Structures are given as C-alpha cells and as structure tokens.
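Raw my_file-v2.cif, mmCIF, C-alpha atoms and all ligand atoms:
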data_work
loop_
_atom_site.label_atom_id
_atom_site.label_comp_id
_atom_site.auth_asym_id
_atom_site.auth_seq_id
_atom_site.Cartn_x
_atom_site.Cartn_y
_atom_site.Cartn_z
CA MET A 137 123.16 85.59 85.18
CA THR A 138 124.27 89.12 84.14
CA VAL A 139 125.72 91.36 86.81
CA SER A 140 124.97 95.07 86.75
CA PRO A 141 127.84 97.40 87.81
CA ALA A 142 125.87 98.47 90.90
CA ALA A 143 125.19 94.89 91.94
CA SER A 144 128.81 93.79 91.52
CA ALA A 145 129.80 95.84 94.59
CA ALA A 146 127.61 93.57 96.76
CA PRO A 147 128.95 90.34 98.25
CA LEU A 148 128.29 87.33 96.07
CA LEU A 149 125.91 85.86 98.63
CA ALA A 150 124.49 87.55 101.73
CA ALA A 151 122.12 86.19 104.35
CA ARG A 152 120.67 88.68 106.79
CA GLY A 153 118.62 88.03 109.93
CA LEU A 154 117.46 84.55 108.94
CA HIS A 155 114.85 82.86 111.10
CA LEU A 156 113.73 79.32 110.35
CA SER A 157 111.78 76.76 112.34
CA HIS A 158 111.26 73.12 111.45
CA GLY A 159 107.74 72.72 112.84
CA ALA A 160 107.99 73.82 116.48
CA THR A 161 111.81 73.53 116.52
CA PRO A 162 113.67 76.79 115.97
CA ALA A 163 116.78 76.20 113.83
CA LEU A 164 117.86 79.74 112.86
CA ARG A 165 117.38 82.77 115.10
CA GLY A 166 118.65 85.81 113.24
CA ALA A 167 121.56 84.21 111.34
CA SER A 168 123.60 86.51 109.08
CA LEU A 169 126.55 85.61 106.86
CA THR A 170 128.13 86.99 103.70
CA VAL A 171 130.34 85.17 101.22
CA SER A 172 132.47 87.08 98.72
CA ALA A 173 133.22 85.89 95.20
CA GLY A 174 135.98 83.27 95.28
CA GLU A 175 136.04 83.08 99.09
CA ALA A 176 136.08 79.78 101.00
CA VAL A 177 134.11 79.98 104.26
CA ALA A 178 133.78 77.14 106.78
CA VAL A 179 130.68 76.98 108.98
CA THR A 180 131.32 75.02 112.16
CA GLY A 181 129.34 74.53 115.36
CA PRO A 182 127.82 71.86 117.57
CA SER A 183 125.32 69.30 116.34
CA GLY A 184 121.86 70.82 116.02
CA SER A 185 123.11 74.42 116.11
CA GLY A 186 121.63 75.22 112.68
CA LYS A 187 124.53 74.79 110.23
CA SER A 188 122.63 72.73 107.66
CA SER A 189 119.56 74.93 107.99
CA LEU A 190 121.74 77.95 107.20
CA LEU A 191 123.24 76.21 104.15
CA HIS A 192 119.81 75.15 102.95
CA CYS A 193 118.49 78.72 103.21
CA MET A 194 121.55 80.27 101.57
CA SER A 195 121.44 77.79 98.69
CA GLY A 196 117.74 78.41 98.13
CA ILE A 197 116.75 74.85 99.01
CA LEU A 198 114.67 76.16 101.93
CA ARG A 199 112.91 79.48 102.21
CA PRO A 200 113.53 81.18 105.60
CA ASP A 201 110.51 82.18 107.71
CA SER A 202 111.94 85.71 107.81
CA GLY A 203 115.15 87.53 106.89
CA GLU A 204 116.63 87.64 103.43
CA VAL A 205 119.17 85.99 101.16
CA ARG A 206 120.69 87.98 98.31
CA LEU A 207 122.73 86.73 95.38
CA ASP A 208 124.63 89.62 93.75
CA GLY A 209 122.37 91.96 95.67
CA GLU A 210 119.18 90.41 94.28
CA ARG A 211 116.69 88.67 96.57
CA LEU A 212 116.95 84.91 96.23
CA ASP A 213 114.58 83.83 99.00
CA THR A 214 111.53 85.52 97.49
CA LEU A 215 111.95 83.89 94.07
CA PRO A 216 109.46 81.16 93.21
CA GLU A 217 110.82 77.62 93.67
CA GLU A 218 111.12 77.13 89.91
CA ARG A 219 113.53 80.12 89.59
CA ARG A 220 115.49 79.11 92.70
CA SER A 221 115.86 75.63 91.34
CA ALA A 222 117.06 76.99 87.97
CA LEU A 223 119.62 79.15 89.78
CA ARG A 224 120.81 76.15 91.76
CA ARG A 225 121.46 74.39 88.45
CA THR A 226 123.36 77.27 86.83
CA ASP A 227 125.09 79.21 89.61
CA PHE A 228 125.37 76.75 92.50
CA GLY A 229 127.05 73.39 93.01
CA ILE A 230 125.91 71.33 95.98
CA VAL A 231 127.59 68.39 97.71
CA PHE A 232 126.10 66.52 100.65
CA GLN A 233 127.59 64.12 103.19
CA PHE A 234 126.52 61.00 101.34
CA GLY A 235 127.03 62.33 97.84
CA GLN A 236 123.43 61.70 96.89
CA LEU A 237 124.37 60.33 93.50
CA VAL A 238 121.61 58.65 91.50
CA PRO A 239 122.14 54.95 92.33
CA GLU A 240 121.04 53.65 88.92
CA LEU A 241 123.39 55.89 86.92
CA THR A 242 127.10 55.41 86.26
CA ALA A 243 129.62 57.94 87.58
CA LEU A 244 129.83 59.44 84.09
CA ASP A 245 126.06 59.81 83.73
CA ASN A 246 125.71 61.18 87.28
CA THR A 247 128.31 63.83 86.50
CA ALA A 248 126.78 64.69 83.13
CA LEU A 249 123.26 64.98 84.60
CA PRO A 250 123.32 68.71 85.56
CA LEU A 251 124.51 69.56 82.03
CA LEU A 252 121.78 67.44 80.45
CA LEU A 253 119.16 69.07 82.71
CA GLY A 254 120.48 72.42 81.48
CA GLY A 255 119.87 71.38 77.87
CA ALA A 256 123.37 70.24 76.80
CA ARG A 257 123.71 67.54 74.16
CA ARG A 258 124.56 64.10 75.49
CA LYS A 259 127.96 63.73 73.79
CA ALA A 260 129.20 67.16 74.85
CA ALA A 261 127.87 66.65 78.39
CA GLN A 262 129.66 63.31 78.69
CA GLU A 263 132.94 64.78 77.40
CA THR A 264 132.83 67.58 79.97
CA ALA A 265 131.79 65.13 82.69
CA GLY A 266 134.68 62.82 81.77
CA ALA A 267 137.16 65.71 82.05
CA TRP A 268 135.87 66.50 85.55
CA LEU A 269 136.10 62.87 86.64
CA GLU A 270 139.69 62.89 85.36
CA ARG A 271 140.40 66.02 87.35
CA PHE A 272 139.12 64.39 90.53
CA GLY A 273 141.07 61.18 89.88
CA VAL A 274 138.03 58.96 89.25
CA ARG A 275 138.06 58.66 85.43
CA GLY A 276 138.70 54.94 85.90
CA GLN A 277 135.39 54.63 87.78
CA ALA A 278 133.35 56.37 85.02
CA GLY A 279 131.37 53.21 84.16
CA LEU A 280 130.65 52.22 87.78
CA ARG A 281 127.46 52.88 89.70
CA PRO A 282 127.64 54.53 93.17
CA GLY A 283 127.17 51.17 94.95
CA GLU A 284 130.27 49.81 93.18
CA MET A 285 132.59 52.58 94.39
CA SER A 286 134.28 53.38 97.70
CA GLY A 287 132.87 56.26 99.75
CA GLY A 288 135.82 58.47 98.82
CA GLN A 289 135.46 57.69 95.11
CA ALA A 290 131.69 58.36 95.21
CA GLN A 291 132.31 61.65 96.99
CA ARG A 292 134.83 62.71 94.33
CA VAL A 293 132.22 61.91 91.68
CA ALA A 294 129.78 64.08 93.67
CA LEU A 295 132.35 66.89 93.58
CA ALA A 296 132.73 66.48 89.81
CA ARG A 297 128.96 66.67 89.47
CA ALA A 298 128.85 69.81 91.65
CA LEU A 299 131.51 71.59 89.59
CA VAL A 300 130.59 70.41 86.09
CA THR A 301 128.34 73.41 85.33
CA GLY A 302 130.97 75.97 86.39
CA PRO A 303 129.08 77.22 89.48
CA ARG A 304 129.90 80.53 91.15
CA ILE A 305 129.53 79.02 94.60
CA VAL A 306 129.82 75.47 95.87
CA PHE A 307 127.84 74.46 98.97
CA ALA A 308 129.27 71.45 100.75
CA ASP A 309 127.41 70.00 103.76
CA GLU A 310 129.72 67.69 105.72
CA PRO A 311 131.35 66.47 102.48
CA THR A 312 133.86 64.37 104.44
CA GLY A 313 131.50 63.27 107.22
CA ALA A 314 131.27 59.68 105.99
CA LEU A 315 134.96 59.26 105.07
CA ASP A 316 138.07 58.07 106.89
CA SER A 317 140.76 60.67 107.47
CA LEU A 318 142.85 59.83 104.38
CA ALA A 319 139.86 59.92 102.02
CA ALA A 320 138.63 63.10 103.74
CA GLU A 321 141.97 64.80 103.16
CA GLN A 322 141.98 63.75 99.48
CA VAL A 323 138.41 64.96 98.93
CA MET A 324 139.06 68.32 100.61
CA THR A 325 142.32 68.86 98.73
CA ALA A 326 140.55 68.13 95.43
CA LEU A 327 137.64 70.40 96.34
CA VAL A 328 139.78 73.33 97.42
CA HIS A 329 142.00 73.08 94.32
CA ALA A 330 138.94 72.98 92.09
CA VAL A 331 137.29 76.04 93.62
CA ARG A 332 140.58 77.99 93.54
CA GLU A 333 141.15 77.11 89.89
CA THR A 334 137.62 77.94 88.79
CA GLY A 335 137.26 81.01 91.04
CA ALA A 336 134.13 79.60 92.69
CA ALA A 337 133.30 80.52 96.27
CA LEU A 338 132.86 77.72 98.81
CA LEU A 339 130.47 77.49 101.75
CA LEU A 340 131.55 74.45 103.72
CA VAL A 341 129.54 73.09 106.65
CA THR A 342 131.55 70.81 108.91
CA HIS A 343 131.92 69.87 112.54
CA ASP A 344 135.50 68.72 111.86
CA ALA A 345 138.30 71.20 112.63
CA ARG A 346 140.70 69.61 110.10
CA THR A 347 138.13 69.98 107.33
CA ALA A 348 137.35 73.57 108.37
CA ALA A 349 141.06 74.43 108.21
CA PHE A 350 140.91 74.10 104.40
CA ALA A 351 138.81 77.31 104.27
CA GLU A 352 140.17 80.86 104.50
CA ARG A 353 137.57 82.01 107.00
CA GLU A 354 135.69 80.17 109.69
CA VAL A 355 132.45 81.16 111.36
CA THR A 356 130.60 79.31 114.12
CA VAL A 357 126.87 78.70 114.42
CA LEU A 358 125.58 78.60 117.99
CA ASP A 359 121.86 78.33 118.78
CA GLY A 360 120.87 79.47 115.30
CA THR A 361 123.05 82.57 115.06
CA VAL A 362 126.38 83.06 113.30
CA HIS A 363 129.46 84.17 115.20
CA ASP A 364 132.18 85.54 112.95
CA PRO A 365 135.44 86.14 114.83
CA SER A 366 136.71 88.34 111.99
CA ALA A 367 133.72 90.67 112.37
CA ALA A 368 132.44 90.51 115.97
CA PRO A 369 134.36 92.59 118.54
CA ALA A 370 132.88 90.48 121.36
CA ALA A 371 134.59 87.36 119.99
CA VAL A 372 138.13 88.78 119.71
CA PRO A 373 140.63 88.52 122.57
CA ALA A 374 140.14 90.96 125.46
CA ALA A 375 143.14 93.15 124.56
CA ALA A 376 141.96 93.61 120.99
CA GLY A 377 138.43 94.25 122.26
CA ALA A 378 139.76 96.97 124.57
CA ALA A 379 141.63 98.56 121.66
CA ALA A 380 138.44 98.51 119.61
CA ARG A 381 136.54 100.13 122.49
CA ARG A 382 139.14 102.92 122.69
CA THR A 383 138.49 103.71 119.04
CA GLY A 384 134.74 103.41 119.64
CA GLU A 385 134.38 100.67 117.01
CA ASP A 386 132.20 98.44 119.15
CA ALA A 387 129.97 101.18 120.50
N1 LIG B 401 113.49 68.27 109.05
C1 LIG B 401 113.52 68.64 110.33
N2 LIG B 401 112.46 68.45 111.12
C2 LIG B 401 112.45 68.83 112.42
N3 LIG B 401 113.50 69.42 113.03
C3 LIG B 401 114.60 69.61 112.29
C4 LIG B 401 114.68 69.24 110.91
N4 LIG B 401 115.91 69.58 110.43
C5 LIG B 401 116.56 70.13 111.47
N5 LIG B 401 115.80 70.14 112.57
C6 LIG B 401 116.17 70.70 113.89
O1 LIG B 401 116.62 72.02 113.69
C7 LIG B 401 117.77 72.29 114.47
C8 LIG B 401 118.94 72.66 113.59
O2 LIG B 401 119.25 71.55 112.76
P1 LIG B 401 120.42 71.58 111.66
O3 LIG B 401 120.36 70.28 110.93
O4 LIG B 401 120.33 72.82 110.89
O5 LIG B 401 121.71 71.65 112.62
P2 LIG B 401 123.21 71.23 112.31
O6 LIG B 401 124.05 72.19 113.06
O7 LIG B 401 123.43 71.13 110.85
O8 LIG B 401 123.26 69.79 112.98
P3 LIG B 401 124.25 68.53 112.64
O9 LIG B 401 125.66 69.01 112.83
O10 LIG B 401 123.85 67.51 113.66
O11 LIG B 401 123.94 68.11 111.22
C9 LIG B 401 117.99 71.05 115.32
O12 LIG B 401 117.35 71.23 116.57
C10 LIG B 401 117.32 69.96 114.53
O13 LIG B 401 116.90 68.93 115.35
#

Show how you would write the structure in this file as structure tokens.
Amino acid sequence: MTVSPAASAAPLLAARGLHLSHGATPALRGASLTVSAGEAVAVTGPSGSGKSSLLHCMSGILRPDSGEVRLDGERLDTLPEERRSALRRTDFGIVFQFGQLVPELTALDNTALPLLLGGARRKAAQETAGAWLERFGVRGQAGLRPGEMSGGQAQRVALARALVTGPRIVFADEPTGALDSLAAEQVMTALVHAVRETGAALLLVTHDARTAAFAEREVTVLDGTVHDPSAAPAAVPAAAGAAARRTGEDA
C-alpha cells in the first residue's frame, strides 16, 4: 500500500467508537484504540470483556456494527470483504491461540502459504518460509505436520507464517494461551524480537500479565470499552489526576 504524506501523520491503525454485538450479546460498546507504527500494545481484560472482538474488528475479520477502523487514515471497516481480506494478506499477520495451521500441510508449506496466495513462485516462497522457520528455531520441523509437533513448535511455525509476508502489524490473540510457561516465554521472546527487527507493530490480546509485559503499552478492555492508563486521566493515580485537574487537562 502507498502512503500519502498527509496520511502518514495518522496512527498506523485507529479504532474509534466501535460497537459490535454477536446476536443479542453486546461485545463492544464504544471501544477506541490506536496503534502507532512499530508499537507493541497489549490488550488485557477479563474473560468475555470484548478483547477478541476488538482484535477481530481492528484486523478487518469482523465489521463493527458502528464506529470506524482506519489504516493509515483510510477506512478499513467499510471496504468490501475481498479488499479487507487482501489487506490482511499483505499488511497484516495474524496468530491465534491454537495456531490454526492447516493440518494436512507441513510446517514449511504452512509458512509458505501466504506467499503462494499472494502469487509468489513455489521455490522462492519455500526459501523465504525456510528462513523464517530458521529464525523461529523450528527449521528442523519443516517437514512435519502440525499434529507431529509440540504446541510450542506449532506456535512458532504460526509466528513464522504470520511474519513471512513482512506485515506492518501483527495481531496475536492469546498466542501463548495453550502453552506452558517455558514455551510461552520462548514464543513471546521470538515474537517480540521479530516485530522489533522488522519494524512491525504488534496488537497482542492476552489475559496473562507475564505475556502482556512483553508489550510497551498495555490497555484494558472492560465491558466492551478500552481503558488506556496512558491516556485516561480517570485511570491515573489520584495525585496525578489532581495535577491534571489543576491544569484543566481533564475538563
Ligand atoms: N460468536 C459469538 N457468538 C455469540 N456471542 C459471542 C461470540 N463471540 C463472542 N461472544 C460474546 O461476546 C462477548 C465478548 O467476547 P470476546 O470473545 O470478544 O471476549 P474476550 O475478552 O476475548 O473473552 P476471552 O478472554 O474469554 O476470550 C462475550 O459476552 C462473548 O460471550
């Protein structure tokens, strides 16, 4: 995607006033969040608070009922599904809790898949995929299918697949949720190194404080709205809130 000079001043990704219901169940009630280029943001909150719904709307998987999502200042949520899906392939990398690798494909073919879907030639796609598996320490598992790997290995293959196209933002929904603490630490370390090296932003949904600590900024979702301690005067300690009131910042 080309970025016009005017658009480059906007955050990489911005959600504003998102509302979403799953049938009769409200999941988002005016959720807003911005992610800057290269920034790692953790989204925490209790079960059912709306974290995954927020990630799904911001990644264009779901269309919110109202509100807007902008990528580089351009509306993402109003694009037809075909364009959103193309953007997900080129600009976004997505990792879920259970990897969601294709069970019939080897680790190498799973990792090469986004490149092949984007029109790359098989040999070139497999070379790039192999380099990413190497980077995540699972080159030795290249010929194995997901069912033949440990959870941590499969999740590192899922990370390789998410990063193989050089995305500008990686969405990770509970990427360590199914792993023991050692594997979780290894996966998060690999993920954070990869996004820092490539300059990709990271939007990380997790209920685990240790996983969230890998991000630079943490926001909390409660009852479908986002609470950002770095932005909301009401969420800062009383003394700081009083100082803000003296300067009229929270009027
Ligand atoms: N497909 C669905 N159908 C019906 N209700 C849903 C669906 N997905 C989510 N919900 C409901 O929407 C609300 C928000 O769910 P969401 O998965 O976004 O929360 P979450 O914070 O990610 O939860 P968890 O941490 O348990 O994964 C919850 O009340 C949930 O039950």

Would you mind listing what lies within 10 Å of segment 292-298 of chain A as number ranges by chain, with all atoms listed in the file counted and same-chain residues fewer than 3 positions away left out?
A: 225, 228-237, 242-251, 264-275, 277-278, 282, 285-289, 301-303, 305-308, 311, 319, 322-324, 326-327, 330

Output file for the selection above: C-alpha atoms, as a PDB file, in the frame of the given file:
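Result saved to selection-v3.pdb:
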ATOM      1  CA  ARG A 225     121.460  74.390  88.450  1.00  0.00           C
ATOM      2  CA  PHE A 228     125.370  76.750  92.500  1.00  0.00           C
ATOM      3  CA  GLY A 229     127.050  73.390  93.010  1.00  0.00           C
ATOM      4  CA  ILE A 230     125.910  71.330  95.980  1.00  0.00           C
ATOM      5  CA  VAL A 231     127.590  68.390  97.710  1.00  0.00           C
ATOM      6  CA  PHE A 232     126.100  66.520 100.650  1.00  0.00           C
ATOM      7  CA  GLN A 233     127.590  64.120 103.190  1.00  0.00           C
ATOM      8  CA  PHE A 234     126.520  61.000 101.340  1.00  0.00           C
ATOM      9  CA  GLY A 235     127.030  62.330  97.840  1.00  0.00           C
ATOM     10  CA  GLN A 236     123.430  61.700  96.890  1.00  0.00           C
ATOM     11  CA  LEU A 237     124.370  60.330  93.500  1.00  0.00           C
ATOM     12  CA  THR A 242     127.100  55.410  86.260  1.00  0.00           C
ATOM     13  CA  ALA A 243     129.620  57.940  87.580  1.00  0.00           C
ATOM     14  CA  LEU A 244     129.830  59.440  84.090  1.00  0.00           C
ATOM     15  CA  ASP A 245     126.060  59.810  83.730  1.00  0.00           C
ATOM     16  CA  ASN A 246     125.710  61.180  87.280  1.00  0.00           C
ATOM     17  CA  THR A 247     128.310  63.830  86.500  1.00  0.00           C
ATOM     18  CA  ALA A 248     126.780  64.690  83.130  1.00  0.00           C
ATOM     19  CA  LEU A 249     123.260  64.980  84.600  1.00  0.00           C
ATOM     20  CA  PRO A 250     123.320  68.710  85.560  1.00  0.00           C
ATOM     21  CA  LEU A 251     124.510  69.560  82.030  1.00  0.00           C
ATOM     22  CA  THR A 264     132.830  67.580  79.970  1.00  0.00           C
ATOM     23  CA  ALA A 265     131.790  65.130  82.690  1.00  0.00           C
ATOM     24  CA  GLY A 266     134.680  62.820  81.770  1.00  0.00           C
ATOM     25  CA  ALA A 267     137.160  65.710  82.050  1.00  0.00           C
ATOM     26  CA  TRP A 268     135.870  66.500  85.550  1.00  0.00           C
ATOM     27  CA  LEU A 269     136.100  62.870  86.640  1.00  0.00           C
ATOM     28  CA  GLU A 270     139.690  62.890  85.360  1.00  0.00           C
ATOM     29  CA  ARG A 271     140.400  66.020  87.350  1.00  0.00           C
ATOM     30  CA  PHE A 272     139.120  64.390  90.530  1.00  0.00           C
ATOM     31  CA  GLY A 273     141.070  61.180  89.880  1.00  0.00           C
ATOM     32  CA  VAL A 274     138.030  58.960  89.250  1.00  0.00           C
ATOM     33  CA  ARG A 275     138.060  58.660  85.430  1.00  0.00           C
ATOM     34  CA  GLN A 277     135.390  54.630  87.780  1.00  0.00           C
ATOM     35  CA  ALA A 278     133.350  56.370  85.020  1.00  0.00           C
ATOM     36  CA  PRO A 282     127.640  54.530  93.170  1.00  0.00           C
ATOM     37  CA  MET A 285     132.590  52.580  94.390  1.00  0.00           C
ATOM     38  CA  SER A 286     134.280  53.380  97.700  1.00  0.00           C
ATOM     39  CA  GLY A 287     132.870  56.260  99.750  1.00  0.00           C
ATOM     40  CA  GLY A 288     135.820  58.470  98.820  1.00  0.00           C
ATOM     41  CA  GLN A 289     135.460  57.690  95.110  1.00  0.00           C
ATOM     42  CA  THR A 301     128.340  73.410  85.330  1.00  0.00           C
ATOM     43  CA  GLY A 302     130.970  75.970  86.390  1.00  0.00           C
ATOM     44  CA  PRO A 303     129.080  77.220  89.480  1.00  0.00           C
ATOM     45  CA  ILE A 305     129.530  79.020  94.600  1.00  0.00           C
ATOM     46  CA  VAL A 306     129.820  75.470  95.870  1.00  0.00           C
ATOM     47  CA  PHE A 307     127.840  74.460  98.970  1.00  0.00           C
ATOM     48  CA  ALA A 308     129.270  71.450 100.750  1.00  0.00           C
ATOM     49  CA  PRO A 311     131.350  66.470 102.480  1.00  0.00           C
ATOM     50  CA  ALA A 319     139.860  59.920 102.020  1.00  0.00           C
ATOM     51  CA  GLN A 322     141.980  63.750  99.480  1.00  0.00           C
ATOM     52  CA  VAL A 323     138.410  64.960  98.930  1.00  0.00           C
ATOM     53  CA  MET A 324     139.060  68.320 100.610  1.00  0.00           C
ATOM     54  CA  ALA A 326     140.550  68.130  95.430  1.00  0.00           C
ATOM     55  CA  LEU A 327     137.640  70.400  96.340  1.00  0.00           C
ATOM     56  CA  ALA A 330     138.940  72.980  92.090  1.00  0.00           C
TER      57      ALA A 330
END

Within 7 Å of Asp201 of chain A using only C-alpha atoms, minus same-chain residues under 2 positions, as a PDB file with C-alpha atoms, in the frame of the given file:
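To be explicit, this is the file written out as part.pdb:
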ATOM      1  CA  HIS A 155     114.850  82.860 111.100  1.00  0.00           C
ATOM      2  CA  LEU A 156     113.730  79.320 110.350  1.00  0.00           C
ATOM      3  CA  ARG A 199     112.910  79.480 102.210  1.00  0.00           C
TER       4      ARG A 199
END

Could you name the residues that touch segment 354-368 of chain A at 9 Å or less, counting only C-alpha atoms, but leaving out those on the same chain fewer than 5 positions away, as a tab-separated table (two decimals) with C-alpha atoms, in the frame of the given file?
chain	number	residue	atom	x	y	z
A	153	GLY	CA	118.62	88.03	109.93
A	154	LEU	CA	117.46	84.55	108.94
A	155	HIS	CA	114.85	82.86	111.10
A	156	LEU	CA	113.73	79.32	110.35
A	162	PRO	CA	113.67	76.79	115.97
A	163	ALA	CA	116.78	76.20	113.83
A	164	LEU	CA	117.86	79.74	112.86
A	165	ARG	CA	117.38	82.77	115.10
A	166	GLY	CA	118.65	85.81	113.24
A	167	ALA	CA	121.56	84.21	111.34
A	168	SER	CA	123.60	86.51	109.08
A	169	LEU	CA	126.55	85.61	106.86
A	176	ALA	CA	136.08	79.78	101.00
A	177	VAL	CA	134.11	79.98	104.26
A	178	ALA	CA	133.78	77.14	106.78
A	179	VAL	CA	130.68	76.98	108.98
A	180	THR	CA	131.32	75.02	112.16
A	181	GLY	CA	129.34	74.53	115.36
A	182	PRO	CA	127.82	71.86	117.57
A	184	GLY	CA	121.86	70.82	116.02
A	185	SER	CA	123.11	74.42	116.11
A	186	GLY	CA	121.63	75.22	112.68
A	187	LYS	CA	124.53	74.79	110.23
A	189	SER	CA	119.56	74.93	107.99
A	190	LEU	CA	121.74	77.95	107.20
A	348	ALA	CA	137.35	73.57	108.37
A	349	ALA	CA	141.06	74.43	108.21
A	386	ASP	CA	132.20	98.44	119.15

As an exercise, work out the distance from atom CA of Val328 of chain A to atom CA of Arg224 of chain A in Å and give it to one decimal place.
20.0 Å

Between atom CA of Arg304 of chain A and atom CA of Pro147 of chain A - distance in Å to one decimal:
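Calculated distance between atom CA of Pro147 of chain A and atom CA of Arg304 of chain A is 12.1 Å.
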
Atom O12 of ligand LIG 401 (chain B) and atom CA of Val341 of chain A, how far apart in Å?
15.8 Å

Quick one: of A:Arg219, A:His192, A:Arg281, A:Arg353, who's nearest to ligand LIG 401 (chain B), counting all atoms listed in the file?
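Closest residue, counting all atoms listed in the file: A:His192.
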
Skipping near chain neighbours, those fewer than 3 positions away, what residues fall within 8 Å of Gly335 of chain A using only C-alpha atoms, listed as a PDB file with C-alpha atoms, in the frame of the given file?
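Output contents, as saved in result36.pdb:
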ATOM      1  CA  ALA A 173     133.220  85.890  95.200  1.00  0.00           C
ATOM      2  CA  GLY A 174     135.980  83.270  95.280  1.00  0.00           C
ATOM      3  CA  ARG A 304     129.900  80.530  91.150  1.00  0.00           C
ATOM      4  CA  VAL A 331     137.290  76.040  93.620  1.00  0.00           C
ATOM      5  CA  ARG A 332     140.580  77.990  93.540  1.00  0.00           C
TER       6      ARG A 332
END

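For the set A:Asp213, A:Leu280, A:Asp309, A:Leu340, the residue with the smallest atom-to-atom gap to ligand LIG 401 (chain B) is A:Asp309, counting only C-alpha atoms and all ligand atoms.
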
Pick from A:Ser188, A:Ser317, A:Gln262, A:Thr226 nearest to His158 of chain A, counting all atoms listed in the file:
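Distance minimum relative to His158 of chain A lands on A:Ser188.
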
Nearest candidate to ligand LIG 401 (chain B) (options A:Leu215, A:Ser221, A:Phe350, A:Glu310; using only C-alpha atoms and all ligand atoms):
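Residue with the minimum atom-to-atom distance to ligand LIG 401 (chain B): A:Glu310.
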
Would you mind telling me which residue in A:Cys193, A:Glu218, A:Thr312, A:Ala336 lies nearest to Gln291 of chain A when using all atoms listed in the file?
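Among the listed residues, the smallest separation from Gln291 of chain A belongs to A:Thr312.
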
As lines of an AutoDock Vina configuration file, please: the centre and edge lengths in Å, to one decimal, of an axis-aligned box enclosing every listed atom of segment 332-349 of chain A with 3 Å added on each side.
center_x = 135.3
center_y = 74.9
center_z = 100.7
size_x = 17.6
size_y = 18.3
size_z = 29.8

Considering all atoms listed in the file, can you say which of A:Ala151, A:Gly254, A:Val171, A:Ala345 comes closest to Gly203 of chain A?
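Looking only at the distances to Gly203 of chain A, the closest residue turns out to be A:Ala151.
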